[in-house]
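> Below you will find the structure I want to go over with you.
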Amino acid sequence: MNTPTSSSSTTTAAPLPRIAVLATGGTIAGAAADATNTAGYQAGVVGVDQLLAAVPALSTVARIAPEQIASVDSKDMAMPLWTTLAQRINALVAADDIDGVVVTHGTDTLEESAYLLHLTIKSDKPVVLTAAMRPASALSADGPLNLLNAVTVAANPGARGQGVLVAFNNKIHSARDVVKTSTYAVDAFVSPEIGALGWVQDGRVEFQRGVVRPHTFATEFAIGADWPQVEVVLSYAGVSRLAVDALVSAGVRGIVVAGTGNGSIHASLVQPLADAAAQGVAVVRSSRVGSGHVMRNGAAADDALGFVSAGSLNPYKARVLLMLALAAGVAGPVALQKTFDTY
Ligand code: ASP
């Protein structure tokens with residue numbers, strides 16, 4: 001009688017993707033004395049090994065290469081740490097044995113760090129940021145699932161070439177568009193103008209649209225230690241020119257105005273800003289509204305005053321782009337407008 005024989009040839013399954021997980025701190029690494037505490041806690045105190053240990057399912061998705069880059073509350077994010085982070089990611093994505101990178105980050109400045117990396121990482125390999133609104137010690141902490149989903153996205157071939165992504169609360173956002181919109185909700189992140197790129201759930205990743213503007217390997221920007229000083233000023237009822245005057249006399253290279261409505265600027269700020277522009281300070285109009293584009297005002301206003309429009313970038317993302325553009329030697333309102341129209 002013939003008995004079925006098992007084949008002696010072994011088919012070796014392809015190894016799981018190797019994903020570097022870089023921890024920088026934030027609420028995802030936060031801890032409180034009590035599991036019911038979701039607001040009073042210390043951010044950035046749980047190490048990367050503990051974050052990973054809380055998510056055993058990661059081992060079915062990827063081979064993880066963990067690194068602790070920093071342990072900061074991201075409200076305190078600063079440019080030297082951006083330089084360190086971007087340089088480390090650039091080194092990792094250049095290595096053959098790394099397929100993608102996940103960064104755990106605080107939510108407060110995540111949208112700024114993500115856009116910075118979107119403009120300066122020189123690779124099409126996936127780079128995915130994630131975070132949490134509840135500390136690691138909380139009941140129903142959102143960090144572990146966000147981390148699993150971020151690694152799942154970074155391990156997915158569809159994430160390649162999409163620029164830097166943010167995986168949060170089952171959504172996948174482009175770093176260019178995503179913003180934090182809630183002080184406490186677990187669905188704190190949205191892409192207000194055009195929505196998320198796709199979603200990730202239970203191991204499944206689906207992209208529903210792509211990223212059109214140039215990013216990562218296709219930009220003219222490089223990460224370095226040179227961070228031209230660019231500050232943000234706000235326009236509001238009754239605003240005085242004090243802040244603009246102080247910034248100009250301190251020698252800032254650029255001012256982003258968080259204007260009202262369509263990036264409109266209070267009359268008390270217009271002349272001081274036009275004088276600043278005439279002296280070579282880059283002045284960019286953005287909006288404090290939270291969604292929508294800032295339209296250029298044309299010859300009568302922006303051209304005559306030397307102002308640049310930020311388009312759909314919020315003031316904090318506009319500041320990131322302006323710093324990188326000035327560091328790259330882009331000078332004058334015409335060239336800067338082209339930069340804002342491109343990225
Ligand atoms: N302050 C915290 C941080 O940005 C908030 C958070 O992560 O949600 O690090």
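Labeling convention for the structure tokens: chains A, B, ... as they appear, residues from 1 per chain, ligands from 1 in order of appearance.
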Please identify the residues whose atoms come within 12 Å of ligand 1, using only C-alpha atoms and all ligand atoms, and report them as a PyMOL selection string.

chain A and resi 23-31+38-45+70-77+104-113+129-136+141-143+168+180-189

> What are the DSSP strand (DSSP E) residues of segment 98-209 of chain A, as a VMD selection string?

chain A and resid 100 to 104 127 to 130 164 to 168 171 to 174 179 to 180 189 to 190 198 to 201 204 to 207

> Atoms to include: N, CA and C atoms. Write the selected residues as an mmCIF file, in the first residue's frame.


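Result went into result_29.cif, see below:
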```
data_model
loop_
_atom_site.group_PDB
_atom_site.id
_atom_site.type_symbol
_atom_site.label_atom_id
_atom_site.label_comp_id
_atom_site.auth_asym_id
_atom_site.auth_seq_id
_atom_site.Cartn_x
_atom_site.Cartn_y
_atom_site.Cartn_z
ATOM 1 N N GLY A 100 12.051 49.246 7.066
ATOM 2 C CA GLY A 100 11.213 50.397 7.392
ATOM 3 C C GLY A 100 11.508 50.859 8.804
ATOM 4 N N VAL A 101 10.949 52.018 9.143
ATOM 5 C CA VAL A 101 11.222 52.618 10.456
ATOM 6 C C VAL A 101 9.894 53.073 11.066
ATOM 7 N N VAL A 102 9.745 52.807 12.358
ATOM 8 C CA VAL A 102 8.619 53.371 13.124
ATOM 9 C C VAL A 102 9.210 54.278 14.191
ATOM 10 N N VAL A 103 8.607 55.440 14.374
ATOM 11 C CA VAL A 103 9.039 56.364 15.422
ATOM 12 C C VAL A 103 7.889 56.529 16.402
ATOM 13 N N THR A 104 8.151 56.269 17.697
ATOM 14 C CA THR A 104 7.134 56.589 18.708
ATOM 15 C C THR A 104 7.446 57.988 19.234
ATOM 16 N N VAL A 127 8.482 55.116 6.549
ATOM 17 C CA VAL A 127 8.803 55.713 7.851
ATOM 18 C C VAL A 127 7.455 56.116 8.444
ATOM 19 N N VAL A 128 7.114 55.551 9.581
ATOM 20 C CA VAL A 128 5.762 55.727 10.144
ATOM 21 C C VAL A 128 5.886 56.221 11.580
ATOM 22 N N LEU A 129 5.222 57.328 11.883
ATOM 23 C CA LEU A 129 5.191 57.815 13.262
ATOM 24 C C LEU A 129 3.901 57.369 13.931
ATOM 25 N N THR A 130 4.014 57.116 15.232
ATOM 26 C CA THR A 130 2.805 56.882 16.000
ATOM 27 C C THR A 130 2.966 57.452 17.394
ATOM 28 N N VAL A 164 6.552 60.159 4.556
ATOM 29 C CA VAL A 164 6.409 59.805 5.970
ATOM 30 C C VAL A 164 4.924 59.748 6.321
ATOM 31 N N LEU A 165 4.574 58.713 7.071
ATOM 32 C CA LEU A 165 3.170 58.457 7.399
ATOM 33 C C LEU A 165 2.965 58.548 8.903
ATOM 34 N N VAL A 166 1.721 58.779 9.297
ATOM 35 C CA VAL A 166 1.350 58.746 10.709
ATOM 36 C C VAL A 166 0.221 57.725 10.840
ATOM 37 N N ALA A 167 0.476 56.692 11.644
ATOM 38 C CA ALA A 167 -0.561 55.675 11.900
ATOM 39 C C ALA A 167 -1.118 55.947 13.283
ATOM 40 N N PHE A 168 -2.392 56.244 13.337
ATOM 41 C CA PHE A 168 -2.992 56.642 14.616
ATOM 42 C C PHE A 168 -4.470 56.292 14.603
ATOM 43 N N LYS A 171 -6.129 54.939 11.491
ATOM 44 C CA LYS A 171 -6.034 55.694 10.235
ATOM 45 C C LYS A 171 -4.560 55.832 9.839
ATOM 46 N N ILE A 172 -4.337 55.979 8.543
ATOM 47 C CA ILE A 172 -2.998 56.271 8.035
ATOM 48 C C ILE A 172 -3.059 57.651 7.387
ATOM 49 N N HIS A 173 -2.241 58.576 7.903
ATOM 50 C CA HIS A 173 -2.241 59.946 7.388
ATOM 51 C C HIS A 173 -0.914 60.265 6.722
ATOM 52 N N SER A 174 -0.948 61.208 5.785
ATOM 53 C CA SER A 174 0.303 61.771 5.264
ATOM 54 C C SER A 174 0.835 62.780 6.280
ATOM 55 N N VAL A 179 -2.866 66.752 11.468
ATOM 56 C CA VAL A 179 -2.770 67.700 12.590
ATOM 57 C C VAL A 179 -3.499 67.125 13.806
ATOM 58 N N LYS A 180 -3.039 67.558 14.967
ATOM 59 C CA LYS A 180 -3.704 67.173 16.213
ATOM 60 C C LYS A 180 -4.875 68.119 16.439
ATOM 61 N N PHE A 189 -6.184 62.841 15.806
ATOM 62 C CA PHE A 189 -5.493 63.287 14.586
ATOM 63 C C PHE A 189 -6.391 63.198 13.357
ATOM 64 N N VAL A 190 -6.397 64.271 12.586
ATOM 65 C CA VAL A 190 -7.130 64.276 11.317
ATOM 66 C C VAL A 190 -6.279 64.980 10.253
ATOM 67 N N GLY A 198 -5.552 56.259 4.212
ATOM 68 C CA GLY A 198 -6.087 54.909 4.267
ATOM 69 C C GLY A 198 -6.261 54.466 5.700
ATOM 70 N N TRP A 199 -6.320 53.157 5.889
ATOM 71 C CA TRP A 199 -6.559 52.644 7.231
ATOM 72 C C TRP A 199 -5.781 51.367 7.462
ATOM 73 N N VAL A 200 -5.638 51.010 8.745
ATOM 74 C CA VAL A 200 -4.988 49.764 9.143
ATOM 75 C C VAL A 200 -5.828 49.164 10.259
ATOM 76 N N GLN A 201 -6.153 47.895 10.097
ATOM 77 C CA GLN A 201 -6.962 47.240 11.131
ATOM 78 C C GLN A 201 -6.748 45.735 11.068
ATOM 79 N N ARG A 204 -4.606 44.288 8.456
ATOM 80 C CA ARG A 204 -4.876 44.656 7.067
ATOM 81 C C ARG A 204 -4.579 46.148 6.849
ATOM 82 N N VAL A 205 -3.936 46.440 5.742
ATOM 83 C CA VAL A 205 -3.579 47.824 5.418
ATOM 84 C C VAL A 205 -4.217 48.167 4.083
ATOM 85 N N GLU A 206 -4.914 49.286 4.039
ATOM 86 C CA GLU A 206 -5.484 49.698 2.756
ATOM 87 C C GLU A 206 -5.224 51.180 2.524
ATOM 88 N N PHE A 207 -4.596 51.474 1.390
ATOM 89 C CA PHE A 207 -4.416 52.868 0.978
ATOM 90 C C PHE A 207 -5.526 53.214 -0.004
#
```

> Rank A:Ala243, A:Ala301, A:Ala65, A:Ala53 by their smallest atom-to-atom distance to Leu269 of chain A, using only C-alpha atoms, and report the top residue only.

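Of the candidates, the smallest distance to Leu269 of chain A is held by A:Ala243.
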
> What does the structure give for the distance between atom CA of Ala62 of chain A and atom CA of Val46 of chain A, in Å to one decimal?

21.6 Å

> Can you tell me, as a JSON list (two decimals) with all heavy atoms, in the first residue's frame, what residues are no more than 12 Å from Gly306 of chain A when counting only C-alpha atoms, ignoring any on the same chain fewer than 5 positions away?


```json
[["chain", "number", "residue", "atom", "x", "y", "z"],
["A", 270, "VAL", "N", 0.55, 94.86, 9.63],
["A", 270, "VAL", "CA", 0.89, 94.82, 8.20],
["A", 270, "VAL", "C", 2.16, 95.64, 7.92],
["A", 270, "VAL", "O", 3.10, 95.13, 7.29],
["A", 270, "VAL", "CB", -0.29, 95.29, 7.33],
["A", 270, "VAL", "CG1", 0.14, 95.45, 5.88],
["A", 270, "VAL", "CG2", -1.45, 94.29, 7.42],
["A", 271, "GLN", "N", 2.20, 96.89, 8.38],
["A", 271, "GLN", "CA", 3.37, 97.71, 8.06],
["A", 271, "GLN", "C", 4.65, 97.17, 8.70],
["A", 271, "GLN", "O", 5.68, 97.05, 8.02],
["A", 271, "GLN", "CB", 3.13, 99.17, 8.45],
["A", 271, "GLN", "CG", 4.12, 100.15, 7.78],
["A", 271, "GLN", "CD", 4.16, 99.98, 6.25],
["A", 271, "GLN", "OE1", 3.11, 100.00, 5.59],
["A", 271, "GLN", "NE2", 5.36, 99.78, 5.69],
["A", 272, "PRO", "N", 4.63, 96.81, 10.00],
["A", 272, "PRO", "CA", 5.86, 96.23, 10.55],
["A", 272, "PRO", "C", 6.32, 94.98, 9.81],
["A", 272, "PRO", "O", 7.53, 94.78, 9.62],
["A", 272, "PRO", "CB", 5.50, 95.89, 12.00],
["A", 272, "PRO", "CG", 4.21, 96.54, 12.30],
["A", 272, "PRO", "CD", 3.60, 97.04, 11.03],
["A", 273, "LEU", "N", 5.37, 94.16, 9.35],
["A", 273, "LEU", "CA", 5.78, 92.95, 8.62],
["A", 273, "LEU", "C", 6.30, 93.31, 7.23],
["A", 273, "LEU", "O", 7.26, 92.70, 6.74],
["A", 273, "LEU", "CB", 4.60, 91.97, 8.52],
["A", 273, "LEU", "CG", 4.24, 91.26, 9.83],
["A", 273, "LEU", "CD1", 2.88, 90.57, 9.74],
["A", 273, "LEU", "CD2", 5.33, 90.23, 10.21],
["A", 274, "ALA", "N", 5.68, 94.30, 6.58],
["A", 274, "ALA", "CA", 6.17, 94.73, 5.26],
["A", 274, "ALA", "C", 7.58, 95.32, 5.41],
["A", 274, "ALA", "O", 8.46, 95.07, 4.57],
["A", 274, "ALA", "CB", 5.21, 95.75, 4.65],
["A", 275, "ASP", "N", 7.81, 96.08, 6.48],
["A", 275, "ASP", "CA", 9.16, 96.63, 6.72],
["A", 275, "ASP", "C", 10.16, 95.49, 6.93],
["A", 275, "ASP", "O", 11.29, 95.53, 6.44],
["A", 275, "ASP", "CB", 9.16, 97.56, 7.94],
["A", 275, "ASP", "CG", 8.34, 98.83, 7.71],
["A", 275, "ASP", "OD1", 8.03, 99.14, 6.53],
["A", 275, "ASP", "OD2", 7.98, 99.49, 8.71],
["A", 276, "ALA", "N", 9.72, 94.47, 7.68],
["A", 276, "ALA", "CA", 10.60, 93.32, 7.92],
["A", 276, "ALA", "C", 10.94, 92.64, 6.60],
["A", 276, "ALA", "O", 12.10, 92.31, 6.34],
["A", 276, "ALA", "CB", 9.91, 92.34, 8.87],
["A", 277, "ALA", "N", 9.91, 92.44, 5.76],
["A", 277, "ALA", "CA", 10.15, 91.79, 4.46],
["A", 277, "ALA", "C", 11.12, 92.60, 3.62],
["A", 277, "ALA", "O", 12.00, 92.05, 2.96],
["A", 277, "ALA", "CB", 8.82, 91.57, 3.73],
["A", 278, "ALA", "N", 10.95, 93.94, 3.67],
["A", 278, "ALA", "CA", 11.85, 94.82, 2.88],
["A", 278, "ALA", "C", 13.29, 94.71, 3.37],
["A", 278, "ALA", "O", 14.23, 94.91, 2.61],
["A", 278, "ALA", "CB", 11.36, 96.26, 2.97],
["A", 279, "GLN", "N", 13.45, 94.34, 4.64],
["A", 279, "GLN", "CA", 14.81, 94.16, 5.19],
["A", 279, "GLN", "C", 15.34, 92.75, 4.96],
["A", 279, "GLN", "O", 16.41, 92.40, 5.45],
["A", 279, "GLN", "CB", 14.80, 94.35, 6.72],
["A", 279, "GLN", "CG", 14.65, 95.77, 7.20],
["A", 279, "GLN", "CD", 14.45, 95.78, 8.73],
["A", 279, "GLN", "OE1", 15.10, 95.04, 9.47],
["A", 279, "GLN", "NE2", 13.55, 96.61, 9.19],
["A", 280, "GLY", "N", 14.56, 91.89, 4.29],
["A", 280, "GLY", "CA", 15.04, 90.55, 3.98],
["A", 280, "GLY", "C", 14.53, 89.46, 4.90],
["A", 280, "GLY", "O", 14.94, 88.30, 4.78],
["A", 281, "VAL", "N", 13.63, 89.80, 5.83],
["A", 281, "VAL", "CA", 13.03, 88.75, 6.67],
["A", 281, "VAL", "C", 11.93, 88.07, 5.84],
["A", 281, "VAL", "O", 11.11, 88.74, 5.22],
["A", 281, "VAL", "CB", 12.41, 89.35, 7.96],
["A", 281, "VAL", "CG1", 11.73, 88.26, 8.79],
["A", 281, "VAL", "CG2", 13.47, 90.08, 8.77],
["A", 282, "ALA", "N", 11.94, 86.74, 5.80],
["A", 282, "ALA", "CA", 10.89, 86.02, 5.07],
["A", 282, "ALA", "C", 9.60, 86.08, 5.88],
["A", 282, "ALA", "O", 9.59, 85.72, 7.06],
["A", 282, "ALA", "CB", 11.31, 84.57, 4.86],
["A", 283, "VAL", "N", 8.52, 86.56, 5.25],
["A", 283, "VAL", "CA", 7.23, 86.67, 5.94],
["A", 283, "VAL", "C", 6.21, 85.76, 5.22],
["A", 283, "VAL", "O", 5.96, 85.94, 4.03],
["A", 283, "VAL", "CB", 6.73, 88.13, 5.96],
["A", 283, "VAL", "CG1", 5.35, 88.20, 6.61],
["A", 283, "VAL", "CG2", 7.72, 89.02, 6.69],
["A", 284, "VAL", "N", 5.69, 84.80, 5.94],
["A", 284, "VAL", "CA", 4.77, 83.82, 5.35],
["A", 284, "VAL", "C", 3.42, 83.93, 6.03],
["A", 284, "VAL", "O", 3.32, 83.90, 7.26],
["A", 284, "VAL", "CB", 5.34, 82.39, 5.51],
["A", 284, "VAL", "CG1", 4.33, 81.34, 5.02],
["A", 284, "VAL", "CG2", 6.65, 82.25, 4.74],
["A", 285, "ARG", "N", 2.37, 84.06, 5.21],
["A", 285, "ARG", "CA", 1.00, 84.13, 5.75],
["A", 285, "ARG", "C", 0.39, 82.74, 5.78],
["A", 285, "ARG", "O", 0.29, 82.07, 4.76],
["A", 285, "ARG", "CB", 0.12, 84.99, 4.85],
["A", 285, "ARG", "CG", 0.42, 86.47, 4.84],
["A", 285, "ARG", "CD", -0.69, 87.26, 4.15],
["A", 285, "ARG", "NE", -1.00, 86.82, 2.80],
["A", 285, "ARG", "CZ", -2.14, 86.24, 2.45],
["A", 285, "ARG", "NH1", -3.12, 86.03, 3.31],
["A", 285, "ARG", "NH2", -2.35, 85.89, 1.19],
["A", 296, "ARG", "N", -3.19, 83.34, -2.31],
["A", 296, "ARG", "CA", -2.34, 84.51, -2.52],
["A", 296, "ARG", "C", -3.20, 85.71, -2.86],
["A", 296, "ARG", "O", -4.17, 85.60, -3.58],
["A", 296, "ARG", "CB", -1.39, 84.24, -3.68],
["A", 296, "ARG", "CG", 0.04, 84.11, -3.27],
["A", 296, "ARG", "CD", 0.96, 84.07, -4.44],
["A", 296, "ARG", "NE", 1.58, 85.37, -4.67],
["A", 296, "ARG", "CZ", 2.39, 85.96, -3.82],
["A", 296, "ARG", "NH1", 2.69, 85.40, -2.67],
["A", 296, "ARG", "NH2", 2.92, 87.13, -4.10],
["A", 297, "ASN", "N", -2.81, 86.87, -2.33],
["A", 297, "ASN", "CA", -3.61, 88.06, -2.57],
["A", 297, "ASN", "C", -3.18, 88.86, -3.78],
["A", 297, "ASN", "O", -3.76, 89.89, -4.07],
["A", 297, "ASN", "CB", -3.60, 88.96, -1.33],
["A", 297, "ASN", "CG", -4.57, 88.46, -0.28],
["A", 297, "ASN", "OD1", -5.53, 87.77, -0.61],
["A", 297, "ASN", "ND2", -4.30, 88.76, 0.97],
["A", 298, "GLY", "N", -2.12, 88.42, -4.46],
["A", 298, "GLY", "CA", -1.76, 89.03, -5.73],
["A", 298, "GLY", "C", -1.09, 90.38, -5.59],
["A", 298, "GLY", "O", -0.63, 90.78, -4.52],
["A", 299, "ALA", "N", -1.07, 91.08, -6.73],
["A", 299, "ALA", "CA", -0.25, 92.28, -6.86],
["A", 299, "ALA", "C", -0.54, 93.33, -5.79],
["A", 299, "ALA", "O", 0.37, 93.95, -5.24],
["A", 299, "ALA", "CB", -0.44, 92.87, -8.25],
["A", 300, "ALA", "N", -1.83, 93.49, -5.48],
["A", 300, "ALA", "CA", -2.19, 94.57, -4.57],
["A", 300, "ALA", "C", -1.68, 94.35, -3.17],
["A", 300, "ALA", "O", -1.42, 95.29, -2.43],
["A", 300, "ALA", "CB", -3.70, 94.73, -4.55],
["A", 301, "ALA", "N", -1.54, 93.10, -2.78],
["A", 301, "ALA", "CA", -1.17, 92.85, -1.38],
["A", 301, "ALA", "C", 0.14, 92.10, -1.28],
["A", 301, "ALA", "O", 1.19, 92.69, -1.07],
["A", 301, "ALA", "CB", -2.30, 92.11, -0.70],
["A", 331, "ALA", "N", 15.86, 82.08, -1.34],
["A", 331, "ALA", "CA", 15.84, 83.46, -0.84],
["A", 331, "ALA", "C", 14.86, 84.31, -1.64],
["A", 331, "ALA", "O", 14.73, 84.15, -2.86],
["A", 331, "ALA", "CB", 17.23, 84.07, -0.92],
["A", 332, "GLY", "N", 14.16, 85.19, -0.95],
["A", 332, "GLY", "CA", 13.26, 86.14, -1.60],
["A", 332, "GLY", "C", 11.87, 85.57, -1.76],
["A", 332, "GLY", "O", 11.68, 84.34, -1.88],
["A", 333, "PRO", "N", 10.85, 86.48, -1.77],
["A", 333, "PRO", "CA", 9.46, 86.00, -1.78],
["A", 333, "PRO", "C", 9.07, 85.20, -3.02],
["A", 333, "PRO", "O", 8.25, 84.28, -2.91],
["A", 333, "PRO", "CB", 8.63, 87.29, -1.68],
["A", 333, "PRO", "CG", 9.59, 88.44, -1.76],
["A", 333, "PRO", "CD", 10.97, 87.92, -1.59],
["A", 334, "VAL", "N", 9.65, 85.49, -4.17],
["A", 334, "VAL", "CA", 9.24, 84.77, -5.38],
["A", 334, "VAL", "C", 9.69, 83.31, -5.29],
["A", 334, "VAL", "O", 8.91, 82.36, -5.49],
["A", 334, "VAL", "CB", 9.79, 85.45, -6.65],
["A", 334, "VAL", "CG1", 9.50, 84.62, -7.89],
["A", 334, "VAL", "CG2", 9.19, 86.86, -6.78],
["A", 335, "ALA", "N", 10.97, 83.12, -4.93],
["A", 335, "ALA", "CA", 11.50, 81.75, -4.82],
["A", 335, "ALA", "C", 10.82, 81.01, -3.66],
["A", 335, "ALA", "O", 10.50, 79.82, -3.77],
["A", 335, "ALA", "CB", 13.00, 81.79, -4.62],
["A", 336, "LEU", "N", 10.58, 81.72, -2.58],
["A", 336, "LEU", "CA", 9.93, 81.05, -1.43],
["A", 336, "LEU", "C", 8.50, 80.66, -1.76],
["A", 336, "LEU", "O", 8.01, 79.61, -1.35],
["A", 336, "LEU", "CB", 9.98, 81.95, -0.19],
["A", 336, "LEU", "CG", 11.34, 82.00, 0.50],
["A", 336, "LEU", "CD1", 11.39, 83.14, 1.52],
["A", 336, "LEU", "CD2", 11.66, 80.67, 1.18],
["A", 337, "GLN", "N", 7.80, 81.53, -2.53],
["A", 337, "GLN", "CA", 6.42, 81.17, -2.91],
["A", 337, "GLN", "C", 6.42, 79.89, -3.74],
["A", 337, "GLN", "O", 5.56, 79.02, -3.58],
["A", 337, "GLN", "CB", 5.76, 82.31, -3.68],
["A", 337, "GLN", "CG", 4.28, 82.06, -3.94],
["A", 337, "GLN", "CD", 3.47, 81.95, -2.63],
["A", 337, "GLN", "OE1", 3.39, 82.89, -1.87],
["A", 337, "GLN", "NE2", 2.90, 80.77, -2.35]]
```

> Out of A:Ser268, A:Thr152, A:Gln50, A:Ser240, which residue has the shortest atom-to-atom distance to Ile19 of chain A when counting only C-alpha atoms?

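Between A:Ser268, A:Thr152, A:Gln50, A:Ser240, the residue approaching Ile19 of chain A most closely is A:Thr152.
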
> Taking 3 positions as the minimum chain separation for residues in the same chain, which residues sit within 8 Å of Val233 of chain A when counting only C-alpha atoms? Answer as a PDB file with N, CA, C and O atoms, in the first residue's frame.


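around.pdb, freshly written:
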```pdb
ATOM      1  N   ALA A 243       5.381  92.099  19.341  1.00  0.00           N
ATOM      2  CA  ALA A 243       6.070  90.825  19.079  1.00  0.00           C
ATOM      3  C   ALA A 243       6.871  90.905  17.785  1.00  0.00           C
ATOM      4  O   ALA A 243       8.021  90.462  17.718  1.00  0.00           O
ATOM      5  N   VAL A 244       6.262  91.492  16.730  1.00  0.00           N
ATOM      6  CA  VAL A 244       6.972  91.587  15.443  1.00  0.00           C
ATOM      7  C   VAL A 244       8.219  92.442  15.605  1.00  0.00           C
ATOM      8  O   VAL A 244       9.314  92.080  15.154  1.00  0.00           O
ATOM      9  N   ILE A 255       9.390  85.011   9.655  1.00  0.00           N
ATOM     10  CA  ILE A 255       8.223  85.090  10.534  1.00  0.00           C
ATOM     11  C   ILE A 255       7.049  84.432   9.803  1.00  0.00           C
ATOM     12  O   ILE A 255       6.743  84.795   8.657  1.00  0.00           O
ATOM     13  N   VAL A 256       6.425  83.478  10.456  1.00  0.00           N
ATOM     14  CA  VAL A 256       5.179  82.911   9.936  1.00  0.00           C
ATOM     15  C   VAL A 256       4.053  83.565  10.710  1.00  0.00           C
ATOM     16  O   VAL A 256       4.058  83.578  11.948  1.00  0.00           O
ATOM     17  N   VAL A 257       3.097  84.127   9.986  1.00  0.00           N
ATOM     18  CA  VAL A 257       1.960  84.758  10.647  1.00  0.00           C
ATOM     19  C   VAL A 257       0.802  83.767  10.670  1.00  0.00           C
ATOM     20  O   VAL A 257       0.387  83.275   9.622  1.00  0.00           O
ATOM     21  N   ALA A 258       0.319  83.449  11.874  1.00  0.00           N
ATOM     22  CA  ALA A 258      -0.906  82.668  11.997  1.00  0.00           C
ATOM     23  C   ALA A 258      -2.043  83.673  11.912  1.00  0.00           C
ATOM     24  O   ALA A 258      -2.475  84.257  12.917  1.00  0.00           O
TER      25      ALA A 258
END
```

> Taking the DSSP assignment computed from this structure's backbone, write out as a ChimeraX atom specification all residues of segment 215-338 of chain A that belong to helix (DSSP H, G or I).

/A:216-218,242-250,267-278,299-305,315-327,333-338

> Taking into account only C-alpha atoms, which residue in the set A:Pro56, A:Asp341, A:Thr84, A:Asp99 is nearest to Ala20 of chain A?

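Closest to Ala20 of chain A, using only C-alpha atoms: A:Asp99.
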
> My list of candidates is A:Leu145, A:Ile69, A:Ala78, A:Val153. Which is closest to Pro17 of chain A when distances are computed with only C-alpha atoms?

A:Val153

> Could you list, as an MDAnalysis selection string, every residue within 10 Å of Arg213 of chain A, counting only C-alpha atoms and ignoring same-chain residues fewer than 6 positions away?

chainID A and resid 163 176 219 341:343

> Just to be explicit: take each residue in the selection above, keep C-alpha atoms, and write the result as a PDB file, in the first residue's frame.


```
ATOM      1  CA  GLY A 163       6.517  59.705   2.208  1.00  0.00           C
ATOM      2  CA  ARG A 176       2.076  66.792   5.288  1.00  0.00           C
ATOM      3  CA  THR A 219      13.055  67.188  -2.127  1.00  0.00           C
ATOM      4  CA  ASP A 341       3.558  75.955  -3.975  1.00  0.00           C
ATOM      5  CA  THR A 342       5.710  72.840  -4.532  1.00  0.00           C
ATOM      6  CA  TYR A 343       5.829  71.155  -1.127  1.00  0.00           C
TER       7      TYR A 343
END
```

> Given only C-alpha atoms as the basis, pick out the residue of A:Leu247, A:Leu58, A:Leu234, A:Ala32 nearest to Leu16 of chain A.

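Answer, going by the shortest atom-to-atom distance: A:Leu58.
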
> Which one is closest to Phe217 of chain A: A:Leu51, A:Ala33, A:Leu117, A:Val320? Count only C-alpha atoms.

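Looking only at the distances to Phe217 of chain A, the closest residue turns out to be A:Leu117.
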
> Report, in Å with one decimal, the straight-line distance from atom CA of Val178 of chain A to atom CA of Asp124 of chain A.

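Atom CA of Val178 of chain A sits 19.4 Å away from atom CA of Asp124 of chain A.
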
> Do a neighbour search on Asn262 of chain A at 9 Å with only C-alpha atoms, toss out local chain neighbours closer than 3 positions, and write the hits as a PyMOL selection string.

chain A and resi 259+285-289+292-295

> For those residues, write C-alpha atoms to a file as a compact mmCIF listing (two decimals), in the first residue's frame.


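Written out: out32.txt:
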```txt
# COMPACT_ATOMS: atom_id res chain seq x y z
CA GLY A 259 -3.46 84.98 10.45
CA ARG A 285 1.00 84.13 5.75
CA SER A 286 -0.80 81.09 7.09
CA SER A 287 -4.07 80.71 8.94
CA ARG A 288 -5.01 80.01 12.53
CA VAL A 289 -8.38 78.60 11.39
CA GLY A 292 -8.61 75.54 4.24
CA HIS A 293 -6.06 77.16 1.94
CA VAL A 294 -4.53 80.60 2.25
CA MET A 295 -4.96 82.13 -1.19
```
